[in-house]
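Here is the file work-v9.cif (mmCIF, C-alpha atoms (C1' of nucleotides)).
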data_start
#
loop_
_atom_site.label_atom_id
_atom_site.label_comp_id
_atom_site.auth_asym_id
_atom_site.auth_seq_id
_atom_site.Cartn_x
_atom_site.Cartn_y
_atom_site.Cartn_z
CA MET A 1 -37.54 1.12 -34.47
CA PRO A 2 -34.45 -1.09 -34.53
CA ALA A 3 -34.43 -4.89 -34.44
CA GLN A 4 -33.89 -4.58 -30.70
CA SER A 5 -35.67 -1.96 -28.69
CA LYS A 6 -33.65 0.17 -26.31
CA ARG A 7 -35.08 -1.74 -23.41
CA GLU A 8 -33.99 -5.03 -24.93
CA GLN A 9 -30.51 -3.67 -25.59
CA ILE A 10 -30.20 -2.71 -21.94
CA VAL A 11 -31.41 -6.04 -20.61
CA THR A 12 -29.22 -7.94 -23.07
CA SER A 13 -26.13 -6.14 -21.81
CA ALA A 14 -27.20 -6.52 -18.20
CA LEU A 15 -27.63 -10.26 -18.68
CA THR A 16 -23.96 -10.75 -19.46
CA LEU A 17 -22.54 -8.18 -17.07
CA PHE A 18 -24.56 -9.24 -14.05
CA TYR A 19 -23.90 -12.90 -14.81
CA GLU A 20 -20.16 -12.64 -15.23
CA ASN A 21 -19.34 -9.87 -12.76
CA GLY A 22 -22.10 -9.99 -10.20
CA PHE A 23 -24.95 -7.62 -9.40
CA ASN A 24 -23.52 -5.33 -6.74
CA ALA A 25 -20.19 -5.21 -8.55
CA THR A 26 -21.75 -3.99 -11.79
CA GLY A 27 -22.68 -0.32 -11.96
CA VAL A 28 -25.49 1.06 -14.07
CA GLU A 29 -22.99 3.24 -15.93
CA ARG A 30 -21.25 0.09 -17.13
CA VAL A 31 -24.53 -1.38 -18.32
CA CYS A 32 -25.29 1.83 -20.21
CA SER A 33 -21.94 2.02 -21.99
CA GLU A 34 -22.08 -1.66 -22.90
CA ALA A 35 -25.60 -1.22 -24.26
CA GLY A 36 -24.66 1.95 -26.13
CA VAL A 37 -27.34 3.84 -24.29
CA SER A 38 -27.39 6.90 -22.08
CA LYS A 39 -28.17 6.84 -18.42
CA LYS A 40 -31.29 8.86 -19.05
CA THR A 41 -32.64 6.18 -21.39
CA LEU A 42 -32.01 3.46 -18.83
CA TYR A 43 -33.90 5.33 -16.15
CA ASN A 44 -36.59 6.07 -18.70
CA HIS A 45 -37.25 2.32 -18.98
CA PHE A 46 -36.50 1.28 -15.39
CA LYS A 47 -37.35 3.10 -12.21
CA SER A 48 -34.23 1.89 -10.44
CA LYS A 49 -31.31 -0.49 -10.73
CA ASP A 50 -33.25 -2.94 -8.64
CA GLU A 51 -36.02 -2.98 -11.21
CA LEU A 52 -33.44 -3.63 -13.92
CA VAL A 53 -32.05 -6.53 -11.89
CA LEU A 54 -35.54 -7.95 -11.55
CA ALA A 55 -36.24 -7.61 -15.28
CA THR A 56 -32.88 -9.19 -16.07
CA LEU A 57 -33.55 -12.17 -13.82
CA ARG A 58 -36.95 -12.68 -15.39
CA MET A 59 -35.45 -12.55 -18.85
CA ARG A 60 -32.76 -15.01 -17.85
CA ASP A 61 -35.40 -17.36 -16.49
CA ALA A 62 -37.27 -17.30 -19.78
CA LEU A 63 -34.15 -17.74 -21.91
CA PHE A 64 -32.66 -20.43 -19.70
CA ARG A 65 -35.73 -22.62 -19.42
CA ASN A 66 -36.51 -22.18 -23.08
CA LYS A 67 -33.06 -23.33 -24.08
CA MET A 68 -33.10 -26.14 -21.54
CA MET A 69 -36.38 -27.48 -22.89
CA ARG A 70 -35.28 -27.18 -26.51
CA GLU A 71 -32.01 -28.96 -25.86
CA THR A 72 -33.67 -31.62 -23.77
CA GLU A 73 -36.23 -32.35 -26.46
CA ARG A 74 -33.53 -32.41 -29.11
CA LEU A 75 -31.27 -34.82 -27.22
CA GLY A 76 -34.00 -37.26 -26.16
CA THR A 77 -37.20 -38.57 -27.69
CA THR A 78 -39.04 -40.34 -24.88
CA PRO A 79 -39.74 -38.60 -21.56
CA ALA A 80 -37.41 -41.04 -19.83
CA GLU A 81 -34.58 -40.22 -22.23
CA ARG A 82 -35.24 -36.56 -21.78
CA LEU A 83 -34.98 -36.77 -18.02
CA LEU A 84 -31.41 -37.94 -18.55
CA ALA A 85 -30.76 -35.63 -21.49
CA ILE A 86 -31.18 -32.68 -19.15
CA PHE A 87 -27.93 -33.68 -17.50
CA ASP A 88 -26.18 -33.80 -20.86
CA ALA A 89 -27.53 -30.36 -21.68
CA HIS A 90 -26.15 -29.10 -18.39
CA GLY A 91 -22.80 -30.71 -19.15
CA ALA A 92 -22.61 -28.78 -22.40
CA TRP A 93 -23.52 -25.60 -20.54
CA PHE A 94 -20.73 -26.16 -18.02
CA ARG A 95 -18.24 -26.26 -20.89
CA GLU A 96 -19.42 -23.04 -22.45
CA LYS A 97 -17.01 -20.12 -22.43
CA GLY A 98 -18.04 -17.64 -19.77
CA PHE A 99 -19.86 -20.22 -17.64
CA SER A 100 -20.23 -18.69 -14.20
CA GLY A 101 -22.61 -21.01 -12.43
CA CYS A 102 -26.34 -20.59 -12.09
CA MET A 103 -27.33 -16.94 -12.24
CA PHE A 104 -30.10 -17.56 -9.73
CA ILE A 105 -27.88 -19.26 -7.21
CA ASN A 106 -25.52 -16.32 -7.63
CA ALA A 107 -28.32 -13.81 -7.22
CA ALA A 108 -29.65 -15.59 -4.16
CA ALA A 109 -26.16 -15.25 -2.68
CA GLU A 110 -26.13 -11.48 -3.15
CA PHE A 111 -29.78 -10.98 -2.24
CA SER A 112 -29.73 -13.32 0.68
CA PRO A 113 -32.94 -12.53 2.60
CA GLN A 114 -35.57 -14.88 1.31
CA ASP A 115 -38.20 -12.14 1.22
CA ASP A 116 -36.06 -9.97 -1.04
CA PRO A 117 -37.93 -9.57 -4.38
CA ASN A 118 -34.83 -10.62 -6.29
CA HIS A 119 -34.46 -13.71 -4.13
CA ILE A 120 -38.11 -14.57 -4.67
CA VAL A 121 -37.63 -14.54 -8.45
CA CYS A 122 -34.76 -16.99 -7.97
CA ALA A 123 -36.95 -19.33 -5.95
CA GLU A 124 -39.63 -19.08 -8.61
CA HIS A 125 -37.16 -20.03 -11.30
CA LYS A 126 -36.13 -23.09 -9.36
CA ARG A 127 -39.75 -24.06 -8.88
CA LEU A 128 -40.43 -23.76 -12.60
CA VAL A 129 -37.46 -25.99 -13.41
CA ARG A 130 -38.73 -28.50 -10.87
CA ASP A 131 -42.19 -28.32 -12.44
CA TYR A 132 -40.69 -29.17 -15.80
CA LEU A 133 -38.92 -32.17 -14.32
CA SER A 134 -42.14 -33.19 -12.62
CA GLU A 135 -44.02 -32.99 -15.88
CA LEU A 136 -41.47 -35.16 -17.67
CA ALA A 137 -41.46 -37.62 -14.77
CA ALA A 138 -45.23 -37.94 -14.95
CA GLN A 139 -45.08 -38.48 -18.70
CA ALA A 140 -42.44 -41.14 -18.14
CA GLY A 141 -44.80 -42.96 -15.82
CA ALA A 142 -42.80 -42.49 -12.65
CA THR A 143 -44.47 -43.95 -9.57
CA GLU A 144 -44.06 -40.68 -7.69
CA PRO A 145 -43.26 -37.98 -10.25
CA LYS A 146 -42.93 -35.13 -7.77
CA ILE A 147 -40.49 -37.00 -5.60
CA LEU A 148 -38.45 -38.04 -8.61
CA ALA A 149 -38.44 -34.43 -9.76
CA ARG A 150 -37.12 -33.23 -6.40
CA GLN A 151 -34.41 -35.88 -6.50
CA LEU A 152 -33.28 -35.03 -10.01
CA ASN A 153 -33.44 -31.33 -9.24
CA LEU A 154 -31.21 -31.78 -6.23
CA LEU A 155 -28.71 -33.62 -8.41
CA LEU A 156 -28.78 -30.81 -10.96
CA GLU A 157 -28.16 -28.17 -8.30
CA GLY A 158 -25.28 -30.15 -6.90
CA ALA A 159 -23.73 -30.55 -10.32
CA ILE A 160 -24.00 -26.83 -11.09
CA VAL A 161 -22.28 -25.91 -7.84
CA GLU A 162 -19.56 -28.49 -8.31
CA ALA A 163 -18.97 -27.25 -11.84
CA HIS A 164 -18.71 -23.62 -10.83
CA VAL A 165 -17.07 -23.60 -7.41
CA SER A 166 -14.68 -26.48 -7.96
CA GLY A 167 -14.39 -26.12 -11.72
CA ASN A 168 -15.38 -29.73 -12.21
CA ARG A 169 -16.93 -29.74 -15.66
CA GLU A 170 -17.58 -33.48 -15.44
CA ALA A 171 -20.03 -33.02 -12.60
CA ALA A 172 -22.95 -33.40 -14.99
CA ALA A 173 -21.84 -36.91 -15.95
CA LEU A 174 -21.62 -37.95 -12.30
CA ALA A 175 -25.04 -36.50 -11.61
CA ARG A 176 -26.43 -38.31 -14.64
CA GLU A 177 -25.16 -41.66 -13.41
CA MET A 178 -26.75 -40.96 -10.06
CA ALA A 179 -29.99 -39.93 -11.75
CA GLU A 180 -30.24 -43.25 -13.54
CA VAL A 181 -30.48 -45.00 -10.20
CA PHE A 182 -33.52 -42.99 -9.20
CA LEU A 183 -35.18 -43.39 -12.57
CA LEU A 184 -34.98 -47.15 -12.16
CA ARG A 185 -36.31 -46.97 -8.62
CA ALA A 186 -39.28 -44.98 -9.91
CA ASN A 187 -39.94 -47.65 -12.53
CA VAL A 188 -38.82 -45.41 -15.36
CA GLY A 189 -36.70 -46.66 -18.25
CA MET B 1 -4.24 -8.84 25.85
CA PRO B 2 -7.97 -9.43 25.82
CA ALA B 3 -9.63 -12.81 25.43
CA GLN B 4 -9.87 -11.97 21.74
CA SER B 5 -7.13 -10.12 19.92
CA LYS B 6 -8.07 -7.15 17.78
CA ARG B 7 -7.48 -9.22 14.70
CA GLU B 8 -9.85 -11.90 15.97
CA GLN B 9 -12.49 -9.29 16.80
CA ILE B 10 -12.31 -8.00 13.25
CA VAL B 11 -12.55 -11.42 11.64
CA THR B 12 -15.37 -12.45 13.96
CA SER B 13 -17.44 -9.45 12.91
CA ALA B 14 -16.53 -9.95 9.27
CA LEU B 15 -17.69 -13.56 9.44
CA THR B 16 -21.25 -12.58 10.26
CA LEU B 17 -21.46 -9.47 8.10
CA PHE B 18 -20.00 -11.02 4.97
CA TYR B 19 -22.10 -14.13 5.45
CA GLU B 20 -25.42 -12.42 5.94
CA ASN B 21 -25.00 -9.36 3.72
CA GLY B 22 -22.49 -10.38 1.10
CA PHE B 23 -18.91 -9.32 0.46
CA ASN B 24 -19.25 -6.44 -1.99
CA ALA B 25 -22.27 -5.13 -0.13
CA THR B 26 -20.39 -4.90 3.18
CA GLY B 27 -18.05 -1.96 3.63
CA VAL B 28 -14.96 -1.99 5.80
CA GLU B 29 -16.40 0.83 7.88
CA ARG B 30 -19.29 -1.41 8.84
CA VAL B 31 -16.91 -4.17 9.85
CA CYS B 32 -14.93 -1.72 11.98
CA SER B 33 -17.94 -0.33 13.84
CA GLU B 34 -19.31 -3.82 14.43
CA ALA B 35 -15.95 -4.95 15.77
CA GLY B 36 -15.55 -1.81 17.89
CA VAL B 37 -12.29 -1.06 16.19
CA SER B 38 -10.94 1.88 14.24
CA LYS B 39 -10.24 1.80 10.55
CA LYS B 40 -6.57 2.26 11.16
CA THR B 41 -6.44 -0.84 13.31
CA LEU B 42 -8.12 -2.87 10.61
CA TYR B 43 -5.58 -1.72 8.06
CA ASN B 44 -2.86 -2.36 10.57
CA HIS B 45 -3.79 -6.04 10.55
CA PHE B 46 -4.85 -6.39 6.91
CA LYS B 47 -3.28 -4.80 3.88
CA SER B 48 -6.59 -4.52 2.08
CA LYS B 49 -10.24 -5.51 2.25
CA ASP B 50 -9.42 -8.36 -0.09
CA GLU B 51 -6.96 -9.73 2.42
CA LEU B 52 -9.62 -9.51 5.12
CA VAL B 53 -12.02 -11.40 2.90
CA LEU B 54 -9.40 -14.08 2.37
CA ALA B 55 -8.69 -14.37 6.10
CA THR B 56 -12.41 -14.51 6.83
CA LEU B 57 -12.97 -17.30 4.33
CA ARG B 58 -10.09 -19.28 5.80
CA MET B 59 -11.47 -18.84 9.30
CA ARG B 60 -14.91 -19.90 8.16
CA ASP B 61 -13.41 -23.00 6.56
CA ALA B 62 -11.74 -23.96 9.82
CA LEU B 63 -14.81 -23.28 11.96
CA PHE B 64 -17.22 -24.95 9.57
CA ARG B 65 -15.29 -28.15 9.07
CA ASN B 66 -14.47 -28.38 12.74
CA LYS B 67 -18.13 -28.10 13.69
CA MET B 68 -19.16 -30.48 10.93
CA MET B 69 -16.73 -33.13 12.11
CA ARG B 70 -17.69 -32.70 15.76
CA GLU B 71 -21.39 -32.95 15.02
CA THR B 72 -20.90 -35.88 12.71
CA GLU B 73 -18.92 -37.79 15.26
CA ARG B 74 -21.44 -36.96 17.94
CA LEU B 75 -24.44 -38.10 15.92
CA GLY B 76 -22.93 -41.34 14.62
CA THR B 77 -20.54 -43.96 15.98
CA THR B 78 -19.53 -46.08 13.01
CA PRO B 79 -18.12 -44.51 9.84
CA ALA B 80 -21.23 -45.64 7.93
CA GLU B 81 -23.51 -43.95 10.44
CA ARG B 82 -21.41 -40.84 10.29
CA LEU B 83 -21.68 -40.63 6.51
CA LEU B 84 -25.42 -40.28 7.02
CA ALA B 85 -25.14 -38.16 10.14
CA ILE B 86 -23.53 -35.46 8.04
CA PHE B 87 -26.87 -34.92 6.38
CA ASP B 88 -28.57 -34.58 9.74
CA ALA B 89 -25.97 -32.07 10.82
CA HIS B 90 -26.65 -30.10 7.66
CA GLY B 91 -30.38 -30.28 8.34
CA ALA B 92 -29.83 -28.70 11.73
CA TRP B 93 -27.68 -26.03 10.12
CA PHE B 94 -30.42 -25.18 7.61
CA ARG B 95 -32.77 -24.51 10.50
CA GLU B 96 -30.42 -22.18 12.32
CA LYS B 97 -31.43 -18.55 12.56
CA GLY B 98 -29.47 -16.49 10.09
CA PHE B 99 -28.83 -19.40 7.74
CA SER B 100 -27.78 -17.87 4.43
CA GLY B 101 -26.53 -20.81 2.43
CA CYS B 102 -22.93 -21.90 2.07
CA MET B 103 -20.55 -18.99 2.48
CA PHE B 104 -18.22 -20.49 -0.10
CA ILE B 105 -20.90 -20.92 -2.72
CA ASN B 106 -21.89 -17.33 -2.02
CA ALA B 107 -18.29 -16.14 -2.26
CA ALA B 108 -17.75 -18.06 -5.49
CA ALA B 109 -20.77 -16.22 -6.89
CA GLU B 110 -19.28 -12.82 -6.09
CA PHE B 111 -15.73 -13.76 -7.02
CA SER B 112 -16.66 -15.63 -10.13
CA PRO B 113 -13.38 -16.05 -12.02
CA GLN B 114 -11.95 -19.37 -10.99
CA ASP B 115 -8.45 -17.94 -10.73
CA ASP B 116 -9.56 -15.29 -8.24
CA PRO B 117 -7.77 -15.95 -4.94
CA ASN B 118 -11.03 -15.81 -3.05
CA HIS B 119 -12.59 -18.29 -5.44
CA ILE B 120 -9.61 -20.60 -5.04
CA VAL B 121 -10.11 -20.69 -1.27
CA CYS B 122 -13.71 -21.72 -1.89
CA ALA B 123 -12.62 -24.58 -4.14
CA GLU B 124 -10.10 -25.65 -1.50
CA HIS B 125 -12.78 -25.73 1.15
CA LYS B 126 -14.95 -27.93 -1.03
CA ARG B 127 -12.02 -30.24 -1.64
CA LEU B 128 -11.34 -30.55 2.09
CA VAL B 129 -14.98 -31.45 2.77
CA ARG B 130 -14.79 -34.04 0.02
CA ASP B 131 -11.59 -35.39 1.51
CA TYR B 132 -13.35 -35.85 4.83
CA LEU B 133 -16.17 -37.73 3.15
CA SER B 134 -13.61 -39.83 1.30
CA GLU B 135 -11.85 -40.67 4.55
CA LEU B 136 -15.10 -41.75 6.19
CA ALA B 137 -16.04 -43.75 3.10
CA ALA B 138 -12.74 -45.59 3.19
CA GLN B 139 -13.15 -46.32 6.90
CA ALA B 140 -16.63 -47.63 6.16
CA GLY B 141 -15.18 -50.06 3.66
CA ALA B 142 -16.76 -48.57 0.56
CA THR B 143 -15.76 -50.29 -2.65
CA GLU B 144 -14.78 -47.00 -4.24
CA PRO B 145 -14.47 -44.44 -1.47
CA LYS B 146 -13.58 -41.50 -3.70
CA ILE B 147 -16.54 -42.04 -5.98
CA LEU B 148 -18.87 -42.41 -3.02
CA ALA B 149 -17.43 -39.22 -1.58
CA ARG B 150 -18.10 -37.32 -4.80
CA GLN B 151 -21.64 -38.64 -4.86
CA LEU B 152 -22.39 -37.68 -1.28
CA ASN B 153 -20.74 -34.32 -1.76
CA LEU B 154 -22.92 -33.60 -4.76
CA LEU B 155 -25.98 -34.43 -2.69
CA LEU B 156 -24.82 -32.10 0.07
CA GLU B 157 -24.27 -29.24 -2.35
CA GLY B 158 -27.67 -29.77 -3.86
CA ALA B 159 -29.32 -29.79 -0.46
CA ILE B 160 -27.60 -26.57 0.60
CA VAL B 161 -28.72 -24.76 -2.55
CA GLU B 162 -32.26 -26.06 -2.23
CA ALA B 163 -32.36 -24.97 1.40
CA HIS B 164 -31.13 -21.47 0.70
CA VAL B 165 -32.55 -20.52 -2.69
CA SER B 166 -35.91 -22.22 -2.34
CA GLY B 167 -36.09 -22.08 1.44
CA ASN B 168 -36.65 -25.81 1.63
CA ARG B 169 -35.30 -26.71 5.03
CA GLU B 170 -36.23 -30.37 4.50
CA ALA B 171 -33.74 -30.71 1.68
CA ALA B 172 -31.28 -32.46 3.98
CA ALA B 173 -33.72 -35.28 4.67
CA LEU B 174 -34.28 -35.82 0.97
CA ALA B 175 -30.55 -35.84 0.34
CA ARG B 176 -30.07 -38.29 3.18
CA GLU B 177 -32.56 -40.73 1.69
CA MET B 178 -30.76 -40.47 -1.61
CA ALA B 179 -27.41 -40.98 0.10
CA GLU B 180 -28.55 -44.24 1.63
CA VAL B 181 -28.99 -45.67 -1.85
CA PHE B 182 -25.39 -44.99 -2.75
CA LEU B 183 -24.08 -46.30 0.54
CA LEU B 184 -25.78 -49.60 -0.18
CA ARG B 185 -24.41 -49.67 -3.71
CA ALA B 186 -20.92 -49.16 -2.32
CA ASN B 187 -21.46 -52.06 0.06
CA VAL B 188 -21.61 -49.81 3.09
CA GLY B 189 -24.15 -50.33 5.85
"C1'" DT C 1 8.28 6.84 35.88
"C1'" DG C 2 9.05 7.36 31.19
"C1'" DA C 3 9.59 5.84 26.41
"C1'" DA C 4 7.64 3.01 22.71
"C1'" DA C 5 3.96 0.86 20.82
"C1'" DT C 6 -0.68 0.63 19.77
"C1'" DA C 7 -5.18 2.31 19.98
"C1'" DT C 8 -8.90 5.77 18.81
"C1'" DA C 9 -11.69 9.30 16.49
"C1'" DA C 10 -11.88 12.14 12.83
"C1'" DA C 11 -10.78 14.50 8.83
"C1'" DC C 12 -9.53 13.63 4.44
"C1'" DC C 13 -8.44 11.50 -0.31
"C1'" DG C 14 -9.94 10.36 -5.14
"C1'" DA C 15 -13.09 7.26 -7.12
"C1'" DT C 16 -17.42 5.35 -7.79
"C1'" DC C 17 -22.08 4.49 -6.48
"C1'" DG C 18 -27.37 5.15 -7.83
"C1'" DG C 19 -29.97 8.71 -9.55
"C1'" DT C 20 -31.29 13.53 -11.56
"C1'" DA C 21 -31.08 17.59 -14.41
"C1'" DT C 22 -29.59 20.25 -18.36
"C1'" DC C 23 -28.62 21.03 -23.06
"C1'" DC C 24 -28.71 19.86 -27.73
"C1'" DC C 25 -29.60 17.14 -31.57
"C1'" DT C 26 -32.10 13.84 -34.17
"C1'" DT C 27 -36.41 11.74 -35.56
"C1'" DG C 28 -41.09 11.13 -37.04
"C1'" DT C 29 -45.61 13.35 -37.82
"C1'" DC C 30 -49.06 16.54 -39.12
"C1'" DG D 1 -41.89 23.77 -42.11
"C1'" DA D 2 -43.28 23.53 -37.22
"C1'" DC D 3 -43.36 20.89 -33.38
"C1'" DA D 4 -43.21 17.46 -29.85
"C1'" DA D 5 -40.76 13.28 -28.22
"C1'" DG D 6 -36.86 10.59 -27.37
"C1'" DG D 7 -32.29 9.91 -26.90
"C1'" DG D 8 -27.13 11.15 -26.37
"C1'" DA D 9 -23.65 13.47 -23.79
"C1'" DT D 10 -22.42 15.46 -19.77
"C1'" DA D 11 -22.41 17.74 -15.57
"C1'" DC D 12 -23.99 17.28 -11.25
"C1'" DC D 13 -26.03 15.51 -6.72
"C1'" DG D 14 -25.23 13.42 -2.01
"C1'" DA D 15 -23.64 9.17 -0.33
"C1'" DT D 16 -20.49 5.66 0.10
"C1'" DC D 17 -16.57 3.12 -1.39
"C1'" DG D 18 -11.51 1.47 -0.08
"C1'" DG D 19 -7.74 3.51 1.91
"C1'" DT D 20 -4.49 7.22 4.27
"C1'" DT D 21 -3.25 10.66 7.49
"C1'" DT D 22 -3.08 13.29 11.65
"C1'" DA D 23 -3.40 14.30 16.15
"C1'" DT D 24 -4.59 12.49 20.52
"C1'" DA D 25 -5.26 9.02 24.08
"C1'" DT D 26 -4.25 4.59 26.12
"C1'" DT D 27 -1.66 0.73 27.02
"C1'" DT D 28 2.61 -1.90 27.85
"C1'" DC D 29 6.68 -2.84 29.96
"C1'" DA D 30 11.63 -1.92 31.00
#

Structure rendered as structure tokens:
Amino acid sequence: MPAQSKREQIVTSALTLFYENGFNATGVERVCSEAGVSKKTLYNHFKSKDELVLATLRMRDALFRNKMMRETERLGTTPAERLLAIFDAHGAWFREKGFSGCMFINAAAEFSPQDDPNHIVCAEHKRLVRDYLSELAAQAGATEPKILARQLNLLLEGAIVEAHVSGNREAAALAREMAEVFLLRANVG
Amino acid sequence: MPAQSKREQIVTSALTLFYENGFNATGVERVCSEAGVSKKTLYNHFKSKDELVLATLRMRDALFRNKMMRETERLGTTPAERLLAIFDAHGAWFREKGFSGCMFINAAAEFSPQDDPNHIVCAEHKRLVRDYLSELAAQAGATEPKILARQLNLLLEGAIVEAHVSGNREAAALAREMAEVFLLRANVG
DNA sequence: TGAAATATAAACCGATCGGTATCCCTTGTC
DNA sequence: GACAAGGGATACCGATCGGTTTATATTTCA
């Protein structure tokens, strides 16, 4: 049993390929060759491409939020600092090589109907991010943590889109400045 | 010569199909049958599917901004009112049947490389929207119209994503409340 | 009316799609 | 040493992809 199971190899390759080239535009054959795995093995672990997409999105959700939380807690000590540090963490992400926007926004674009299972996973991811913001906002003593969370989340989404569509890698800094205003209004900081 | 030329029929069908089902997921054959036109005619007017995509995006840009400006000017009289009316216009859009997010955000997701011609058109569209906001901001006497425009634009983007990915059709109202804060800070209103 | 242009429907092209089946070889286990 | 399981390579399946061709209307206008 290798360090990475076959299943993990497949999902790892799918993460990059789907992210950088899109879901419909990436064939299973490509995923197999990139993972160094035969088609038979892929369909041994996943019933269909759609199931692989689902598993890949779930893995991305786990990896993304894990990294976001780690970075946020590294860059800030108090909850209030961390609410702003999230924007810095996003700014660093925007500057990474291979940045292609938010995988879930991209997936929601390709799986547009909101009752599509893939779309639902995207909505869940966004809710979990919002929950994290809400938690930090509550810890920071915000007057209305959930509202503050929705506001900050909206700023994050806007920054991600600006960064990807318009290639504006400074969008995170703008969003951060805007976020400060709402932190103050919620009696945070 | 009919009310709509063949070319217009094709683009009109492509607008809906690409918007609701995605670009890669929509075949040219489907566009033809929906437009009531033969494949040969399509390729008589467009050298390739890619060129059709490009033409469709450009048409969408024209239609979208035209409607946005008309609605904005209908819902508000002063430039300051209109800067807020844009959010109301977006709110109405989110509630339209068949709403599938911003076609340019969706296209940027499928044509991810920022030097892809299709992606470039998306960035241009976003710039033109920002320019409109900037123009209104200047008319409203904002202290720094371009900064205000970037702020409002970021809020709009965030609202669109929230509305589509998470199905939150009230995102426009939230964004509008947030926008008011920045109008005041720019000495508008 | 007659010639030129433009349309259609359909067959057709090679390539690729998601997915299956076959064959053979390696691997671990008793 | 026998044996089952899993995986690799590959051929194959029907369907669809973007795109071309052909043969046959239909339209347009001098």

*Apply the PyMOL selection byres ((chain C and resi 5) around 9) to the file shown and report the selected residues as a ChimeraX atom specification.*
/C:4,6 /D:27-28

*Over all Cα atoms in order, fit chain A to chain B and jot down the RMSD to one decimal place.*
0.0 Å

*Smallest atom-to-atom distance to chain D: which of A:Asn118, A:Asn44, A:Ser166, A:Asn153, using all atoms listed in the file?*
A:Asn44

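The result of the PyMOL selection byres ((chain C) within 12 of (chain A)) on the shown file is C:DT16, C:DC17, C:DG18, C:DG19, C:DT20, C:DA21, C:DT22, C:DT27, C:DG28.
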
*Report as JSON, numbers by chain the residues that result from applying the PyMOL selection byres ((chain A) within 9 of (chain D)) to the structure here.*
{"A": [37, 38, 40, 41]}

*Contact set, chain A to chain B: 9 Å, only C-alpha atoms, as a VMD selection string*: chain A and resid 20 to 25 100 to 114 119 to 120 122 to 124 126 to 127 150 to 151 153 to 162 164 to 167 171 174 to 175 178 181 to 182

Expected axis-aligned box over every listed atom of region 12-26 of chain C, 8 Å added per side, centre plus edges in Å to one decimal, as AutoDock Vina command-line options:
--center_x -20.3 --center_y 12.8 --center_z -14.9 --size_x 39.7 --size_y 32.5 --size_z 54.6

*How many Å lie between CA of Ser134 (chain A) and CA of Leu148 (chain A), rounded to one decimal?*
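CA of Ser134 (chain A) sits 7.3 Å away from CA of Leu148 (chain A).
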
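Using all atoms listed in the file, the contacts of Ala186 (chain B) at a cut-off of 7 Å, with sequence neighbours closer than 4 positions omitted, comprise Ala142, Thr143, Glu144 and Phe182 of chain B.
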
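The interatomic distance for the pair CA of Leu75 (chain A) and CA of Ala172 (chain A) works out to 14.9 Å.
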
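One distance worth recording is that between CA of Leu57 (chain B) and CA of Leu15 (chain B), which is 7.9 Å.
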
*If you count all atoms listed in the file, which residues fall within 12 Å of His45 (chain B), apart from same-chain ones fewer than 6 positions away, as a list in words?*
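The contact residues come out as Ser5, Lys6, Arg7, Glu8, Gln9, Ile10, Val11, Val37, Ser38, Lys39, Glu51, Leu52 and Ala55 of chain B; DT6 of chain C.
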